[in-house]
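A.B. asks: Quick one: this structure, given as structure tokens, is what I'll be asking you about.
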Amino acid sequence: MRLAVLDRIAAAARDAGRAPGDVTLVAVSKQQPDERIDAMLAAGQRVFGENRVQEALQRWSGRRAGVELRLIGPLQTNKAPEAVALFDVIETIDREKLARALAGEMARTGRSPRLYVQVNTGEEPQKAGVAPGEADAFIARCRDLGLAPEGLMCIPPDSAPPEDHFALLARIAARNGLSKLSMGMSADYETAVRLGATSVRVGSALFGGRTPR
Ligand SMILES: *Cc1c(COP(=O)(O)O)cnc(C)c1O
């Protein structure tokens with residue numbers, strides 16, 4: 001399944017006049033059994049996404065070498081130290097309190113995970129992320145705090161076609177001088193690549209269905 005997904009990413013990139021190598025496949029391993037993780041590692045996959053700090057710690061503590069681990073789920077401020085210690089990339093900065101906690105922990109430890117700001121492009125109340133209208137100010141605030149976000153992340157509404165959301169995220173990134181876009185999941189990663197995704201977060205299309213917790 002991994003090669004099929006990589007082929008589709010490459011085809012979508014070429015369609016859009018982009019180099020396939022410009023798009024990173026993030027394998028979303030949350031709620032997947034260990035056998036599937038180990039098979040994915042054996043197949044050569046090295047970049048993984050998790051949405052919970054505790055679950056990621058359990059799954060990855062013994063498998064961390066050579067792996068790039070990304071946090072793609074909401075982060076509580078009190079878990080900032082564990083997140084900074086564990087993850088190479090934190091994609092879900094969405095409020096000042098969290099930005100401050102991360103800045104403090106990064107200064108204290110000297111670790112510097114790469115950072116993304118999450119934008120709630122659909123302005124859905126149940127979803128994390130800054131509102132699109134507040135994104136420019138929030139990115140500036142992060143920079144004031146000494147953080148250097150490299151990109152933006154979004155999870156479009158389930159109910160609507162994702163194109164407008166991906167395009168909106170790309171516009172916000174461009175006007176803020178951010179080069180990375182984390183967007184697209186199993187159902188829409190090819191669309192996301194056509195609209196500029198530099199990483200896609202694919203779970204079920206790669207591993208098969210998840211076992212609910
Ligand atoms: C679970 C999850 C994914 C992967 O979802 P699939 O539809 O299984 O590909 C991607 N991004 C985030 C933030 C997730 O929580």
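Scheme for the structure tokens: letters A, B, ... for chains in order shown; per-chain residue numbers from 1; ligand numbers from 1 in order shown.
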If you count only C-alpha atoms, which residues fall within 12 Å of Leu71 of chain A, apart from same-chain ones fewer than 2 positions away, as a ChimeraX atom specification?
C.D. replies: /A:26-30,47-57,68-69,73-76,79-80,82-93,113-118,153,182,201
A.B. asks: Can you pull out the residues contacting Gln126 of chain A? Cut-off 12 Å, using only C-alpha atoms, and skip same-chain residues under 4 positions away; I want them as a PyMOL selection string.
C.D. replies: chain A and resi 74+120+122+155+157
A.B. asks: Residues at most 12 Å from Ala39 of chain A, counting only C-alpha atoms, excluding those fewer than 6 positions away in the same chain, as a compact mmCIF listing (two decimals) with N, CA and C atoms, in the first residue's frame?
C.D. replies:
# COMPACT_ATOMS: atom_id res chain seq x y z
N MET A 1 0.83 -1.20 0.00
CA MET A 1 0.00 0.00 0.00
C MET A 1 0.86 1.25 0.00
N ARG A 2 2.03 1.15 0.65
CA ARG A 2 2.89 2.34 0.72
C ARG A 2 3.33 2.77 -0.69
N SER A 29 0.37 6.86 12.36
CA SER A 29 0.41 5.53 12.99
C SER A 29 -0.49 5.41 14.21
N GLN A 32 -2.68 2.18 15.55
CA GLN A 32 -2.34 1.04 14.70
C GLN A 32 -1.54 0.02 15.53
N PRO A 33 -1.76 -1.26 15.25
CA PRO A 33 -1.02 -2.29 16.00
C PRO A 33 0.47 -2.30 15.63
N GLN A 45 9.61 3.26 5.32
CA GLN A 45 8.98 4.52 5.76
C GLN A 45 9.69 5.05 7.00
N ARG A 46 10.00 6.34 7.00
CA ARG A 46 10.75 6.90 8.14
C ARG A 46 10.07 8.09 8.82
N LEU A 206 -2.93 3.89 4.18
CA LEU A 206 -1.58 3.33 4.21
C LEU A 206 -1.54 2.06 5.06
N PHE A 207 -2.21 2.11 6.20
CA PHE A 207 -2.14 1.02 7.18
C PHE A 207 -3.37 0.11 7.18
A.B. asks: Atom CA of Leu152 of chain A to atom CA of Ala4 of chain A: how many Å, to one decimal?
C.D. replies: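 We find that atom CA of Leu152 of chain A and atom CA of Ala4 of chain A lie 26.2 Å from each other.
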A.B. asks: Using DSSP secondary structure from the backbone, list all helix (DSSP H, G or I) positions within segment 8-210 of chain A, as a ChimeraX atom specification.
C.D. replies: /A:8-15,20-22,34-42,53-60,77-86,96-109,132-144,163-175,189-194,204-207
A.B. asks: Give the answer as one residue: which of A:Ala43, A:Ala137, A:Ala148, A:Ala128 has the shortest atom-to-atom distance to Ser112 of chain A, using only C-alpha atoms?
C.D. replies: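 For Ser112 of chain A, the nearest of the given residues is A:Ala148.
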A.B. asks: When you draw a straight line from atom 13 (C, counted along the ligand's line) of ligand 1 to atom CA of Glu190 of chain A, how long is it in Å?
C.D. replies: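 Going from atom 13 (C, counted along the ligand's line) of ligand 1 over to atom CA of Glu190 of chain A, I get 16.4 Å.
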A.B. asks: Would you work out the distance separating atom CA of Gly17 of chain A from atom CA of Pro162 of chain A, expressed in Å to one decimal?
C.D. replies: 20.3 Å
A.B. asks: Please determine, counting only C-alpha atoms and all ligand atoms, which residue among A:Val119, A:Ala99, A:Ala19, A:Leu169 has the shortest atom-to-atom distance to ligand 1.
C.D. replies: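 Comparing A:Val119, A:Ala99, A:Ala19, A:Leu169 against ligand 1, the winner is A:Val119.
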